[in-house]
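Before any comments, here is the structure.
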Amino acid sequence: AFIEVKARPDLLSAAIALGPRQRARLLAAGEVALAENPGWGRNGVRFDVLLVDDVGRVRRIADAFRQEG
């Protein structure tokens, strides 16, 4: 799993902070990492997001997004 952590004052703000442009950047970074380490994707790949708020609450979203097409 590739994991992105977003910390904001509240969980909703943290979730909104992961927009399409940033998802594209993360997918591109994942492609580079897998190209350099082909064995890493042997059992599948997913992108998780950890949302963190000011009081330390954490919400994990497993398999938060996928590459289109």
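Here's how to read the names in the structure tokens: chain A, B, ... by the order shown, residue numbers from 1 in each chain, ligand numbers from 1 in the order shown.
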
*Find the residues around segment 26-39 of chain A up to 12 Å (only C-alpha atoms counted), leave out those fewer than 3 positions away in its own chain, and share them as number ranges by chain.*
A: 1-5, 18-23, 42-49, 64-68

_strand (DSSP E or B) positions in chain A, given as a ChimeraX atom specification_ = /A:2-7,47-52,58-65

*Return as a VMD selection string the full set of residues in chain A whose backbone-based DSSP assignment is alpha helix (DSSP H).*
chain A and resid 11 to 16 20 to 36

Quick one: write out the picked residues with C-alpha atoms as a short mmCIF file (atom, residue, chain, number, x, y, z; two decimals), in the first residue's frame?
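Contents of the output file selection.cif:
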data_model
loop_
_atom_site.label_atom_id
_atom_site.label_comp_id
_atom_site.auth_asym_id
_atom_site.auth_seq_id
_atom_site.Cartn_x
_atom_site.Cartn_y
_atom_site.Cartn_z
CA LEU A 11 -11.27 15.36 9.13
CA LEU A 12 -13.47 16.84 6.40
CA SER A 13 -10.85 19.47 5.53
CA ALA A 14 -8.23 16.75 5.43
CA ALA A 15 -10.33 14.66 3.04
CA ILE A 16 -11.01 17.62 0.74
CA PRO A 20 -7.49 15.28 -8.42
CA ARG A 21 -4.12 16.94 -9.03
CA GLN A 22 -2.62 15.43 -5.89
CA ARG A 23 -4.09 11.99 -6.63
CA ALA A 24 -2.44 12.16 -10.06
CA ARG A 25 0.89 13.05 -8.43
CA LEU A 26 0.58 10.11 -6.03
CA LEU A 27 -0.31 7.70 -8.83
CA ALA A 28 2.72 8.87 -10.82
CA ALA A 29 4.98 8.40 -7.79
CA GLY A 30 3.56 4.91 -7.33
CA GLU A 31 4.29 4.05 -10.95
CA VAL A 32 7.91 5.17 -10.53
CA ALA A 33 8.31 3.20 -7.30
CA LEU A 34 6.86 0.05 -8.90
CA ALA A 35 9.02 0.43 -12.01
CA GLU A 36 12.10 0.61 -9.80
#

*Could you tell me how far atom CA of Lys6 of chain A lies from atom CA of Gly41 of chain A, in Å and to one decimal?*
24.0 Å

*atom CA of Asp63 of chain A to atom CA of Ala7 of chain A, distance in Å rounded to a single decimal*: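 Result for atom CA of Asp63 of chain A versus atom CA of Ala7 of chain A: 18.4 Å, one decimal.
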
_Which residues are near Pro9 of chain A? Cut-off 10 Å, only C-alpha atoms, ignore same chain within fewer than 6 positions. Put them as a list of chain:residue names._
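So the residues in contact are A:Val52, A:Asp53, A:Asp54, A:Val55, A:Gly56.
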